[in-house]
file work34.pdb (PDB, C-alpha atoms and all ligand atoms)
MODEL        1
ATOM      1  CA  MET A   1      75.280-121.698   8.723  1.00  0.00           C
ATOM      2  CA  ILE A   2      78.181-120.003  10.531  1.00  0.00           C
ATOM      3  CA  THR A   3      76.450-120.202  13.908  1.00  0.00           C
ATOM      4  CA  GLU A   4      75.643-123.894  13.417  1.00  0.00           C
ATOM      5  CA  ASN A   5      79.136-124.722  12.168  1.00  0.00           C
ATOM      6  CA  LEU A   6      80.728-122.983  15.126  1.00  0.00           C
ATOM      7  CA  GLN A   7      78.499-124.773  17.589  1.00  0.00           C
ATOM      8  CA  LYS A   8      79.289-128.146  16.066  1.00  0.00           C
ATOM      9  CA  ILE A   9      83.027-127.549  16.288  1.00  0.00           C
ATOM     10  CA  LYS A  10      82.867-126.146  19.813  1.00  0.00           C
ATOM     11  CA  ASP A  11      80.896-129.215  20.884  1.00  0.00           C
ATOM     12  CA  ALA A  12      83.472-131.486  19.274  1.00  0.00           C
ATOM     13  CA  ILE A  13      86.655-130.049  20.745  1.00  0.00           C
ATOM     14  CA  PRO A  14      87.733-130.549  24.371  1.00  0.00           C
ATOM     15  CA  ASP A  15      87.694-127.642  26.844  1.00  0.00           C
ATOM     16  CA  HIS A  16      91.471-127.309  26.988  1.00  0.00           C
ATOM     17  CA  VAL A  17      91.654-126.604  23.245  1.00  0.00           C
ATOM     18  CA  THR A  18      91.249-122.997  22.070  1.00  0.00           C
ATOM     19  CA  LEU A  19      89.399-122.370  18.819  1.00  0.00           C
ATOM     20  CA  VAL A  20      90.731-119.655  16.518  1.00  0.00           C
ATOM     21  CA  ALA A  21      88.116-118.791  13.879  1.00  0.00           C
ATOM     22  CA  VAL A  22      90.115-118.118  10.730  1.00  0.00           C
ATOM     23  CA  SER A  23      88.214-115.361   8.957  1.00  0.00           C
ATOM     24  CA  LYS A  24      90.682-114.356   6.217  1.00  0.00           C
ATOM     25  CA  THR A  25      88.991-113.169   2.989  1.00  0.00           C
ATOM     26  CA  LYS A  26      85.562-113.235   4.718  1.00  0.00           C
ATOM     27  CA  PRO A  27      83.339-110.148   4.953  1.00  0.00           C
ATOM     28  CA  ILE A  28      82.615-108.272   8.185  1.00  0.00           C
ATOM     29  CA  ALA A  29      79.054-109.659   8.289  1.00  0.00           C
ATOM     30  CA  ASP A  30      80.416-113.204   8.581  1.00  0.00           C
ATOM     31  CA  LEU A  31      82.716-112.261  11.457  1.00  0.00           C
ATOM     32  CA  GLN A  32      79.870-110.411  13.144  1.00  0.00           C
ATOM     33  CA  GLU A  33      77.716-113.539  12.924  1.00  0.00           C
ATOM     34  CA  ALA A  34      80.452-115.604  14.549  1.00  0.00           C
ATOM     35  CA  TYR A  35      80.884-112.891  17.180  1.00  0.00           C
ATOM     36  CA  ASP A  36      77.157-112.894  17.925  1.00  0.00           C
ATOM     37  CA  ALA A  37      77.402-116.673  18.353  1.00  0.00           C
ATOM     38  CA  GLY A  38      79.995-116.087  21.069  1.00  0.00           C
ATOM     39  CA  GLN A  39      83.274-116.403  19.188  1.00  0.00           C
ATOM     40  CA  ARG A  40      85.922-113.942  20.399  1.00  0.00           C
ATOM     41  CA  ILE A  41      89.171-115.148  18.820  1.00  0.00           C
ATOM     42  CA  PHE A  42      89.705-114.531  15.114  1.00  0.00           C
ATOM     43  CA  GLY A  43      92.671-115.363  12.924  1.00  0.00           C
ATOM     44  CA  GLU A  44      93.770-113.420   9.862  1.00  0.00           C
ATOM     45  CA  ASN A  45      96.778-113.909   7.606  1.00  0.00           C
ATOM     46  CA  LYS A  46      97.169-110.404   6.142  1.00  0.00           C
ATOM     47  CA  ILE A  47      98.025-107.507   8.403  1.00  0.00           C
ATOM     48  CA  GLN A  48      96.118-104.843   6.453  1.00  0.00           C
ATOM     49  CA  GLU A  49      92.959-106.935   6.323  1.00  0.00           C
ATOM     50  CA  MET A  50      93.192-107.603  10.054  1.00  0.00           C
ATOM     51  CA  VAL A  51      93.650-103.905  10.816  1.00  0.00           C
ATOM     52  CA  ASP A  52      90.611-102.990   8.695  1.00  0.00           C
ATOM     53  CA  LYS A  53      88.465-105.553  10.510  1.00  0.00           C
ATOM     54  CA  TYR A  54      89.826-104.559  13.931  1.00  0.00           C
ATOM     55  CA  ASP A  55      88.800-100.948  13.276  1.00  0.00           C
ATOM     56  CA  ILE A  56      85.185-101.916  12.522  1.00  0.00           C
ATOM     57  CA  LEU A  57      84.404-104.829  14.839  1.00  0.00           C
ATOM     58  CA  PRO A  58      83.883-104.905  18.651  1.00  0.00           C
ATOM     59  CA  LYS A  59      86.989-104.239  20.697  1.00  0.00           C
ATOM     60  CA  ASP A  60      86.790-107.327  22.886  1.00  0.00           C
ATOM     61  CA  ILE A  61      87.844-109.510  19.961  1.00  0.00           C
ATOM     62  CA  LYS A  62      91.266-111.114  20.270  1.00  0.00           C
ATOM     63  CA  TRP A  63      93.072-110.913  16.942  1.00  0.00           C
ATOM     64  CA  HIS A  64      95.567-113.593  16.014  1.00  0.00           C
ATOM     65  CA  MET A  65      97.982-113.095  13.126  1.00  0.00           C
ATOM     66  CA  ILE A  66      98.425-116.540  11.582  1.00  0.00           C
ATOM     67  CA  GLY A  67     100.078-115.667   8.283  1.00  0.00           C
ATOM     68  CA  HIS A  68     103.650-115.321   7.209  1.00  0.00           C
ATOM     69  CA  LEU A  69     104.995-112.027   8.547  1.00  0.00           C
ATOM     70  CA  GLN A  70     106.672-109.197   6.752  1.00  0.00           C
ATOM     71  CA  SER A  71     108.739-107.343   9.330  1.00  0.00           C
ATOM     72  CA  ASN A  72     107.983-103.929   7.847  1.00  0.00           C
ATOM     73  CA  LYS A  73     104.248-104.363   8.486  1.00  0.00           C
ATOM     74  CA  VAL A  74     104.416-105.427  12.131  1.00  0.00           C
ATOM     75  CA  LYS A  75     104.018-101.789  13.198  1.00  0.00           C
ATOM     76  CA  TYR A  76     100.450-101.633  11.871  1.00  0.00           C
ATOM     77  CA  MET A  77      99.155-104.274  14.292  1.00  0.00           C
ATOM     78  CA  ALA A  78     101.450-103.771  17.282  1.00  0.00           C
ATOM     79  CA  HIS A  79      98.862-101.766  19.229  1.00  0.00           C
ATOM     80  CA  PHE A  80      96.247-104.510  19.302  1.00  0.00           C
ATOM     81  CA  VAL A  81      97.373-107.948  18.100  1.00  0.00           C
ATOM     82  CA  ASP A  82      96.812-110.609  20.771  1.00  0.00           C
ATOM     83  CA  LEU A  83      98.950-113.471  19.480  1.00  0.00           C
ATOM     84  CA  ILE A  84     101.300-113.820  16.511  1.00  0.00           C
ATOM     85  CA  HIS A  85     101.509-117.444  15.359  1.00  0.00           C
ATOM     86  CA  GLY A  86     103.919-117.436  12.452  1.00  0.00           C
ATOM     87  CA  VAL A  87     107.237-116.129  13.738  1.00  0.00           C
ATOM     88  CA  ASP A  88     109.937-117.948  11.837  1.00  0.00           C
ATOM     89  CA  LYS A  89     112.897-115.565  12.024  1.00  0.00           C
ATOM     90  CA  PHE A  90     114.765-114.083  14.940  1.00  0.00           C
ATOM     91  CA  LYS A  91     114.790-110.812  13.030  1.00  0.00           C
ATOM     92  CA  THR A  92     110.993-110.745  13.105  1.00  0.00           C
ATOM     93  CA  LEU A  93     110.987-111.317  16.839  1.00  0.00           C
ATOM     94  CA  LYS A  94     113.273-108.312  17.249  1.00  0.00           C
ATOM     95  CA  GLU A  95     110.974-106.166  15.126  1.00  0.00           C
ATOM     96  CA  ILE A  96     107.887-107.268  17.102  1.00  0.00           C
ATOM     97  CA  ASN A  97     109.753-106.419  20.304  1.00  0.00           C
ATOM     98  CA  LYS A  98     110.644-102.975  18.987  1.00  0.00           C
ATOM     99  CA  GLN A  99     107.085-102.175  17.930  1.00  0.00           C
ATOM    100  CA  ALA A 100     105.562-103.601  21.118  1.00  0.00           C
ATOM    101  CA  LYS A 101     107.853-101.385  23.163  1.00  0.00           C
ATOM    102  CA  LYS A 102     106.531 -98.273  21.417  1.00  0.00           C
ATOM    103  CA  HIS A 103     103.074 -99.179  22.696  1.00  0.00           C
ATOM    104  CA  ASP A 104     104.315-100.268  26.098  1.00  0.00           C
ATOM    105  CA  ARG A 105     103.001-103.761  25.454  1.00  0.00           C
ATOM    106  CA  ILE A 106     104.266-107.320  25.689  1.00  0.00           C
ATOM    107  CA  ILE A 107     103.184-109.211  22.580  1.00  0.00           C
ATOM    108  CA  ASN A 108     102.679-112.954  22.778  1.00  0.00           C
ATOM    109  CA  CYS A 109     104.253-114.958  19.966  1.00  0.00           C
ATOM    110  CA  LEU A 110     104.467-118.540  18.779  1.00  0.00           C
ATOM    111  CA  LEU A 111     107.541-119.776  16.968  1.00  0.00           C
ATOM    112  CA  GLN A 112     106.582-121.591  13.789  1.00  0.00           C
ATOM    113  CA  ALA A 113     108.249-124.970  13.427  1.00  0.00           C
ATOM    114  CA  LYS A 114     108.686-126.592  10.067  1.00  0.00           C
ATOM    115  CA  ILE A 115     107.074-130.010  10.330  1.00  0.00           C
ATOM    116  CA  ALA A 116     105.766-130.535   6.791  1.00  0.00           C
ATOM    117  CA  GLU A 117     107.758-132.334   4.158  1.00  0.00           C
ATOM    118  CA  GLU A 118     106.729-129.853   1.481  1.00  0.00           C
ATOM    119  CA  ASP A 119     109.172-127.091   0.618  1.00  0.00           C
ATOM    120  CA  THR A 120     106.453-124.467   0.487  1.00  0.00           C
ATOM    121  CA  LYS A 121     105.764-124.256   4.221  1.00  0.00           C
ATOM    122  CA  PHE A 122     107.649-121.730   6.301  1.00  0.00           C
ATOM    123  CA  GLY A 123     109.148-122.492   9.648  1.00  0.00           C
ATOM    124  CA  LEU A 124     112.181-122.977  11.828  1.00  0.00           C
ATOM    125  CA  SER A 125     113.913-126.268  12.478  1.00  0.00           C
ATOM    126  CA  PHE A 126     113.753-127.604  16.037  1.00  0.00           C
ATOM    127  CA  GLU A 127     117.476-126.843  16.350  1.00  0.00           C
ATOM    128  CA  ASP A 128     116.905-123.218  15.333  1.00  0.00           C
ATOM    129  CA  ILE A 129     114.076-122.836  17.840  1.00  0.00           C
ATOM    130  CA  GLU A 130     116.182-124.264  20.621  1.00  0.00           C
ATOM    131  CA  ALA A 131     119.065-121.941  19.709  1.00  0.00           C
ATOM    132  CA  ILE A 132     116.770-118.912  19.841  1.00  0.00           C
ATOM    133  CA  LEU A 133     115.244-119.879  23.189  1.00  0.00           C
ATOM    134  CA  VAL A 134     118.612-120.184  24.927  1.00  0.00           C
ATOM    135  CA  SER A 135     120.264-117.142  23.355  1.00  0.00           C
ATOM    136  CA  GLU A 136     121.178-114.086  25.389  1.00  0.00           C
ATOM    137  CA  GLU A 137     119.823-111.778  22.755  1.00  0.00           C
ATOM    138  CA  PHE A 138     116.437-113.470  23.044  1.00  0.00           C
ATOM    139  CA  ALA A 139     116.494-113.005  26.820  1.00  0.00           C
ATOM    140  CA  SER A 140     117.046-109.302  26.272  1.00  0.00           C
ATOM    141  CA  LEU A 141     113.762-108.881  24.336  1.00  0.00           C
ATOM    142  CA  LYS A 142     111.461-107.706  27.109  1.00  0.00           C
ATOM    143  CA  ASN A 143     108.437-106.761  25.010  1.00  0.00           C
ATOM    144  CA  ILE A 144     107.741-110.142  23.482  1.00  0.00           C
ATOM    145  CA  LYS A 145     106.813-113.377  25.146  1.00  0.00           C
ATOM    146  CA  VAL A 146     107.149-116.671  23.318  1.00  0.00           C
ATOM    147  CA  VAL A 147     104.246-118.706  24.653  1.00  0.00           C
ATOM    148  CA  GLY A 148     104.494-121.770  22.445  1.00  0.00           C
ATOM    149  CA  PHE A 149     104.878-123.204  18.975  1.00  0.00           C
ATOM    150  CA  MET A 150     102.848-123.394  15.805  1.00  0.00           C
ATOM    151  CA  GLY A 151     103.069-125.986  13.058  1.00  0.00           C
ATOM    152  CA  MET A 152     101.410-126.725   9.743  1.00  0.00           C
ATOM    153  CA  ALA A 153     101.344-130.293   8.544  1.00  0.00           C
ATOM    154  CA  THR A 154     101.771-131.416   4.960  1.00  0.00           C
ATOM    155  CA  PHE A 155      98.670-130.960   2.806  1.00  0.00           C
ATOM    156  CA  THR A 156      97.771-134.618   2.488  1.00  0.00           C
ATOM    157  CA  ASP A 157      95.055-137.075   3.458  1.00  0.00           C
ATOM    158  CA  ASN A 158      97.690-139.596   4.481  1.00  0.00           C
ATOM    159  CA  ASN A 159      96.832-139.880   8.171  1.00  0.00           C
ATOM    160  CA  SER A 160     100.004-141.627   9.250  1.00  0.00           C
ATOM    161  CA  GLN A 161     102.067-138.857   7.672  1.00  0.00           C
ATOM    162  CA  LEU A 162     100.005-136.215   9.504  1.00  0.00           C
ATOM    163  CA  GLU A 163     100.243-138.125  12.775  1.00  0.00           C
ATOM    164  CA  LYS A 164     103.985-138.361  12.435  1.00  0.00           C
ATOM    165  CA  GLU A 165     104.341-134.624  11.833  1.00  0.00           C
ATOM    166  CA  PHE A 166     102.037-133.583  14.678  1.00  0.00           C
ATOM    167  CA  ALA A 167     103.649-136.079  17.064  1.00  0.00           C
ATOM    168  CA  SER A 168     107.134-134.785  16.294  1.00  0.00           C
ATOM    169  CA  LEU A 169     106.157-131.228  17.213  1.00  0.00           C
ATOM    170  CA  LYS A 170     104.307-132.378  20.325  1.00  0.00           C
ATOM    171  CA  HIS A 171     107.375-134.294  21.439  1.00  0.00           C
ATOM    172  CA  PHE A 172     109.602-131.265  20.923  1.00  0.00           C
ATOM    173  CA  PHE A 173     107.049-129.019  22.654  1.00  0.00           C
ATOM    174  CA  ASP A 174     106.913-131.295  25.713  1.00  0.00           C
ATOM    175  CA  LYS A 175     110.688-131.300  26.030  1.00  0.00           C
ATOM    176  CA  GLN A 176     110.928-127.517  25.754  1.00  0.00           C
ATOM    177  CA  SER A 177     107.958-126.690  27.972  1.00  0.00           C
ATOM    178  CA  ALA A 178     109.386-128.870  30.737  1.00  0.00           C
ATOM    179  CA  LYS A 179     112.337-126.457  30.803  1.00  0.00           C
ATOM    180  CA  ASN A 180     110.382-123.287  30.111  1.00  0.00           C
ATOM    181  CA  PRO A 181     106.948-122.915  31.717  1.00  0.00           C
ATOM    182  CA  ALA A 182     106.109-119.913  29.514  1.00  0.00           C
ATOM    183  CA  LEU A 183     105.591-122.386  26.678  1.00  0.00           C
ATOM    184  CA  GLU A 184     101.920-123.270  27.068  1.00  0.00           C
ATOM    185  CA  ILE A 185     100.404-123.201  23.600  1.00  0.00           C
ATOM    186  CA  LEU A 186     100.744-125.726  20.809  1.00  0.00           C
ATOM    187  CA  SER A 187      98.950-124.407  17.730  1.00  0.00           C
ATOM    188  CA  MET A 188      98.332-127.246  15.280  1.00  0.00           C
ATOM    189  CA  GLY A 189      95.341-128.254  13.204  1.00  0.00           C
ATOM    190  CA  MET A 190      93.137-126.678  10.533  1.00  0.00           C
ATOM    191  CA  SER A 191      89.744-127.635   9.058  1.00  0.00           C
ATOM    192  CA  GLY A 192      91.080-130.768   7.402  1.00  0.00           C
ATOM    193  CA  ASP A 193      93.156-132.129  10.241  1.00  0.00           C
ATOM    194  CA  TYR A 194      92.192-130.601  13.585  1.00  0.00           C
ATOM    195  CA  PRO A 195      90.631-133.752  15.141  1.00  0.00           C
ATOM    196  CA  LEU A 196      93.893-135.584  14.521  1.00  0.00           C
ATOM    197  CA  ALA A 197      95.975-132.626  15.706  1.00  0.00           C
ATOM    198  CA  ILE A 198      94.012-132.554  18.981  1.00  0.00           C
ATOM    199  CA  LYS A 199      94.565-136.278  19.447  1.00  0.00           C
ATOM    200  CA  LYS A 200      98.262-135.605  18.994  1.00  0.00           C
ATOM    201  CA  GLY A 201      98.359-132.871  21.648  1.00  0.00           C
ATOM    202  CA  SER A 202      97.293-129.607  20.025  1.00  0.00           C
ATOM    203  CA  THR A 203      95.952-126.980  22.440  1.00  0.00           C
ATOM    204  CA  MET A 204      94.926-124.444  19.790  1.00  0.00           C
ATOM    205  CA  VAL A 205      93.274-125.107  16.430  1.00  0.00           C
ATOM    206  CA  ARG A 206      92.968-122.655  13.541  1.00  0.00           C
ATOM    207  CA  VAL A 207      89.741-123.425  11.718  1.00  0.00           C
ATOM    208  CA  GLY A 208      88.516-121.429   8.731  1.00  0.00           C
ATOM    209  CA  SER A 209      86.510-123.136   5.991  1.00  0.00           C
ATOM    210  CA  SER A 210      84.682-125.518   8.346  1.00  0.00           C
ATOM    211  CA  ILE A 211      83.194-122.444  10.020  1.00  0.00           C
ATOM    212  CA  PHE A 212      82.861-119.866   7.245  1.00  0.00           C
ATOM    213  CA  GLY A 213      82.715-122.049   4.124  1.00  0.00           C
ATOM    214  CA  SER A 214      85.281-122.295   1.379  1.00  0.00           C
ATOM    215  CA  ARG A 215      87.219-119.182   0.424  1.00  0.00           C
ATOM    216  CA  ASN A 216      87.112-117.349  -2.854  1.00  0.00           C
ATOM    217  CA  TYR A 217      90.396-115.569  -3.502  1.00  0.00           C
ATOM    218  CA  ASN A 218      89.265-113.571  -6.545  1.00  0.00           C
TER
HETATM  219  C1  LIG B   1      93.998-120.340   6.232  1.00  0.00           C
HETATM  220  C2  LIG B   1      94.738-120.904   7.381  1.00  0.00           C
HETATM  221  C3  LIG B   1      94.111-121.774   8.295  1.00  0.00           C
HETATM  222  C4  LIG B   1      92.673-122.234   8.159  1.00  0.00           C
HETATM  223  O1  LIG B   1      92.498-123.075   7.065  1.00  0.00           O
HETATM  224  P1  LIG B   1      91.172-123.921   6.856  1.00  0.00           P
HETATM  225  O2  LIG B   1      91.603-125.090   6.070  1.00  0.00           O
HETATM  226  O3  LIG B   1      90.224-123.044   6.109  1.00  0.00           O
HETATM  227  O4  LIG B   1      90.637-124.289   8.190  1.00  0.00           O
HETATM  228  C5  LIG B   1      94.859-122.220   9.379  1.00  0.00           C
HETATM  229  N1  LIG B   1      96.138-121.855   9.548  1.00  0.00           N
HETATM  230  C6  LIG B   1      96.771-121.027   8.696  1.00  0.00           C
HETATM  231  C7  LIG B   1      98.182-120.664   8.958  1.00  0.00           C
HETATM  232  C8  LIG B   1      96.104-120.530   7.592  1.00  0.00           C
HETATM  233  O5  LIG B   1      96.746-119.709   6.744  1.00  0.00           O
ENDMDL
END
call {"tool": "encode", "arguments": {"input": "work34.pdb", "output": "structure tokens", "more": "lines below"}}
Ligand SMILES: *Cc1c(COP(=O)(O)O)cnc(C)c1O
result
Amino acid sequence: MITENLQKIKDAIPDHVTLVAVSKTKPIADLQEAYDAGQRIFGENKIQEMVDKYDILPKDIKWHMIGHLQSNKVKYMAHFVDLIHGVDKFKTLKEINKQAKKHDRIINCLLQAKIAEEDTKFGLSFEDIEAILVSEEFASLKNIKVVGFMGMATFTDNNSQLEKEFASLKHFFDKQSAKNPALEILSMGMSGDYPLAIKKGSTMVRVGSSIFGSRNYN
């Protein structure tokens, strides 16, 4: 089913939208099937699991870290991670910069904005993001590149609520990217809400269960 699911989603999303196949908790065989169907970008939310999969799978895969980051684990993925979505502390950005430097790399990052009403979702306020982007200390970090923003909407089937949250991040993104051309990526949308997120301006969707089936965390 993975091949068929992927094809359906790829057919449904516009060309300017990048599909991240979220493979967390899924076995290597499932990722290999998606790879054989042409998928090259995979998202994981645990660093150790991503490292284990990176070691086994083909090296032309681009690995995206989509989970909440623990600074002390950044070093394990610094040699290969392609994009880190969930940066929500300046301290984490500094740690990514430090580890990237050791490998003579520039690591692309997205700042995670808090757009959901729930308390459980991580993220920076728009004010905090703006303060980071204009700070001198940020300008001194030469081994990271902030290439956009990521947001997670409230877990709800209330479409007008979702629209409001996606639209607020899109609006902020447009304002910031007009000033800073490095900001090119707006990562919003998961299995339950990616069509709406794309309508509201997402350029990158993170889709897991609609490709690989529901997850079993046991
Ligand atoms: C798990 C996860 C996804 C994918 O969720 P699905 O509902 O399975 O598509 C997307 N983004 C983040 C940050 C996730 O942790």
call {"tool": "closest_residue", "arguments": {"input": "work34.pdb", "among": "A:Glu44, A:Asp15, A:Asp36, A:Glu136", "to": "ligand LIG 1 (chain B)", "atoms": "all atoms listed in the file"}}
result
A:Glu44
call {"tool": "resolve_selection", "arguments": {"input": "work34.pdb", "expression": "the PyMOL selection byres (((chain A and resi 73) around 12) and not hetatm)", "output": "list in words"}}
result
Lys46, Ile47, Gln48, Glu49, Met50, Val51, Met65, His68, Leu69, Gln70, Ser71, Asn72, Val74, Lys75, Tyr76, Met77, Ala78, Thr92, Glu95, Ile96 and Gln99 of chain A
call {"tool": "residues_near_ligand", "arguments": {"input": "work34.pdb", "ligand": "ligand LIG 1 (chain B)", "cutoff": "9 Å", "atoms": "all atoms listed in the file", "output": "mmCIF file with C-alpha atoms, keeping the file's coordinate frame"}}
result
data_model
loop_
_atom_site.group_PDB
_atom_site.id
_atom_site.type_symbol
_atom_site.label_atom_id
_atom_site.label_comp_id
_atom_site.auth_asym_id
_atom_site.auth_seq_id
_atom_site.Cartn_x
_atom_site.Cartn_y
_atom_site.Cartn_z
ATOM 1 C CA VAL A 20 90.731 -119.655 16.518
ATOM 2 C CA ALA A 21 88.116 -118.791 13.879
ATOM 3 C CA VAL A 22 90.115 -118.118 10.730
ATOM 4 C CA SER A 23 88.214 -115.361 8.957
ATOM 5 C CA LYS A 24 90.682 -114.356 6.217
ATOM 6 C CA GLY A 43 92.671 -115.363 12.924
ATOM 7 C CA GLU A 44 93.770 -113.420 9.862
ATOM 8 C CA ASN A 45 96.778 -113.909 7.606
ATOM 9 C CA MET A 65 97.982 -113.095 13.126
ATOM 10 C CA ILE A 66 98.425 -116.540 11.582
ATOM 11 C CA GLY A 67 100.078 -115.667 8.283
ATOM 12 C CA HIS A 68 103.650 -115.321 7.209
ATOM 13 C CA HIS A 85 101.509 -117.444 15.359
ATOM 14 C CA GLY A 86 103.919 -117.436 12.452
ATOM 15 C CA MET A 150 102.848 -123.394 15.805
ATOM 16 C CA GLY A 151 103.069 -125.986 13.058
ATOM 17 C CA MET A 152 101.410 -126.725 9.743
ATOM 18 C CA MET A 188 98.332 -127.246 15.280
ATOM 19 C CA GLY A 189 95.341 -128.254 13.204
ATOM 20 C CA MET A 190 93.137 -126.678 10.533
ATOM 21 C CA SER A 191 89.744 -127.635 9.058
ATOM 22 C CA GLY A 192 91.080 -130.768 7.402
ATOM 23 C CA ASP A 193 93.156 -132.129 10.241
ATOM 24 C CA TYR A 194 92.192 -130.601 13.585
ATOM 25 C CA VAL A 205 93.274 -125.107 16.430
ATOM 26 C CA ARG A 206 92.968 -122.655 13.541
ATOM 27 C CA VAL A 207 89.741 -123.425 11.718
ATOM 28 C CA GLY A 208 88.516 -121.429 8.731
ATOM 29 C CA SER A 209 86.510 -123.136 5.991
ATOM 30 C CA SER A 210 84.682 -125.518 8.346
ATOM 31 C CA ILE A 211 83.194 -122.444 10.020
ATOM 32 C CA PHE A 212 82.861 -119.866 7.245
ATOM 33 C CA GLY A 213 82.715 -122.049 4.124
ATOM 34 C CA SER A 214 85.281 -122.295 1.379
ATOM 35 C CA ARG A 215 87.219 -119.182 0.424
#
call {"tool": "axis_aligned_box", "arguments": {"input": "work34.pdb", "around": "region 44-61 of chain A", "padding_each_side": "3 Å", "output": "lines of an AutoDock Vina configuration file"}}
result
center_x = 91.0
center_y = -107.4
center_z = 14.5
size_x = 20.1
size_y = 19.0
size_z = 22.7
call {"tool": "resolve_selection", "arguments": {"input": "work34.pdb", "expression": "the PyMOL selection byres (((chain A and resi 141-148) around 6) and not hetatm)", "output": "PyMOL selection string"}}
result
chain A and resi 97+100-101+106-110+138-140+149+182-186
call {"tool": "atom_distance", "arguments": {"input": "work34.pdb", "atom1": "CA of Arg105 (chain A)", "atom2": "CA of Ser177 (chain A)"}}
result
23.6 Å
call {"tool": "atom_distance", "arguments": {"input": "work34.pdb", "atom1": "CA of Phe122 (chain A)", "atom2": "CA of Ala12 (chain A)"}}
result
29.1 Å
call {"tool": "atom_distance", "arguments": {"input": "work34.pdb", "atom1": "CA of Lys62 (chain A)", "atom2": "CA of Phe42 (chain A)"}}
result
6.4 Å
call {"tool": "resolve_selection", "arguments": {"input": "work34.pdb", "expression": "the PyMOL selection byres (((chain A and resi 155-171) around 7) and not hetatm)", "output": "count of residues only"}}
result
11
call {"tool": "closest_residue", "arguments": {"input": "work34.pdb", "among": "A:Asp104, A:Asp52, A:Glu137, A:Asp88", "to": "Ile28 (chain A)", "atoms": "only C-alpha atoms"}}
result
A:Asp52
call {"tool": "closest_residue", "arguments": {"input": "work34.pdb", "among": "A:Ser125, A:Thr203, A:Asn216, A:Thr3", "to": "Gln32 (chain A)", "atoms": "only C-alpha atoms"}}
result
A:Thr3
call {"tool": "residues_around", "arguments": {"input": "work34.pdb", "residues": "Ala37 (chain A)", "least_positions_apart": "6", "cutoff": "9 Å", "atoms": "only C-alpha atoms", "output": "PDB file with C-alpha atoms, keeping the file's coordinate frame"}}
result
ATOM      1  CA  ILE A   2      78.181-120.003  10.531  1.00  0.00           C
ATOM      2  CA  THR A   3      76.450-120.202  13.908  1.00  0.00           C
ATOM      3  CA  GLU A   4      75.643-123.894  13.417  1.00  0.00           C
ATOM      4  CA  LEU A   6      80.728-122.983  15.126  1.00  0.00           C
ATOM      5  CA  GLN A   7      78.499-124.773  17.589  1.00  0.00           C
TER       6      GLN A   7
END
call {"tool": "residues_around", "arguments": {"input": "work34.pdb", "residues": "Tyr54 (chain A)", "least_positions_apart": "5", "cutoff": "9 Å", "atoms": "only C-alpha atoms", "output": "NGL selection string"}}
result
:A and (49 or 59 or 61 or 63 or 80)
call {"tool": "build_atoms", "arguments": {"input": "work34.pdb", "residues": "region 101-112 of chain A", "atoms": "N, CA and C atoms", "output": "PDB file, in the coordinates of the input"}}
result
ATOM      1  N   LYS A 101     107.292-102.338  22.199  1.00  0.00           N
ATOM      2  CA  LYS A 101     107.853-101.385  23.163  1.00  0.00           C
ATOM      3  C   LYS A 101     107.272 -99.982  22.961  1.00  0.00           C
ATOM      4  N   LYS A 102     107.110 -99.596  21.707  1.00  0.00           N
ATOM      5  CA  LYS A 102     106.531 -98.273  21.417  1.00  0.00           C
ATOM      6  C   LYS A 102     105.152 -98.106  22.019  1.00  0.00           C
ATOM      7  N   HIS A 103     104.432 -99.230  22.140  1.00  0.00           N
ATOM      8  CA  HIS A 103     103.074 -99.179  22.696  1.00  0.00           C
ATOM      9  C   HIS A 103     103.041 -99.652  24.144  1.00  0.00           C
ATOM     10  N   ASP A 104     104.222 -99.830  24.713  1.00  0.00           N
ATOM     11  CA  ASP A 104     104.315-100.268  26.098  1.00  0.00           C
ATOM     12  C   ASP A 104     103.553-101.579  26.319  1.00  0.00           C
ATOM     13  N   ARG A 105     103.700-102.481  25.363  1.00  0.00           N
ATOM     14  CA  ARG A 105     103.001-103.761  25.454  1.00  0.00           C
ATOM     15  C   ARG A 105     104.012-104.912  25.450  1.00  0.00           C
ATOM     16  N   ILE A 106     103.529-106.075  25.889  1.00  0.00           N
ATOM     17  CA  ILE A 106     104.266-107.320  25.689  1.00  0.00           C
ATOM     18  C   ILE A 106     103.424-108.160  24.738  1.00  0.00           C
ATOM     19  N   ILE A 107     103.960-108.471  23.583  1.00  0.00           N
ATOM     20  CA  ILE A 107     103.184-109.211  22.580  1.00  0.00           C
ATOM     21  C   ILE A 107     103.540-110.697  22.638  1.00  0.00           C
ATOM     22  N   ASN A 108     102.507-111.507  22.754  1.00  0.00           N
ATOM     23  CA  ASN A 108     102.679-112.954  22.778  1.00  0.00           C
ATOM     24  C   ASN A 108     102.923-113.486  21.373  1.00  0.00           C
ATOM     25  N   CYS A 109     103.881-114.397  21.272  1.00  0.00           N
ATOM     26  CA  CYS A 109     104.253-114.958  19.966  1.00  0.00           C
ATOM     27  C   CYS A 109     104.383-116.470  20.052  1.00  0.00           C
ATOM     28  N   LEU A 110     104.151-117.127  18.934  1.00  0.00           N
ATOM     29  CA  LEU A 110     104.467-118.540  18.779  1.00  0.00           C
ATOM     30  C   LEU A 110     105.566-118.663  17.734  1.00  0.00           C
ATOM     31  N   LEU A 111     106.541-119.500  17.987  1.00  0.00           N
ATOM     32  CA  LEU A 111     107.541-119.776  16.968  1.00  0.00           C
ATOM     33  C   LEU A 111     107.000-120.862  16.052  1.00  0.00           C
ATOM     34  N   GLN A 112     107.091-120.606  14.750  1.00  0.00           N
ATOM     35  CA  GLN A 112     106.582-121.591  13.789  1.00  0.00           C
ATOM     36  C   GLN A 112     107.657-122.614  13.470  1.00  0.00           C
TER      37      GLN A 112
END
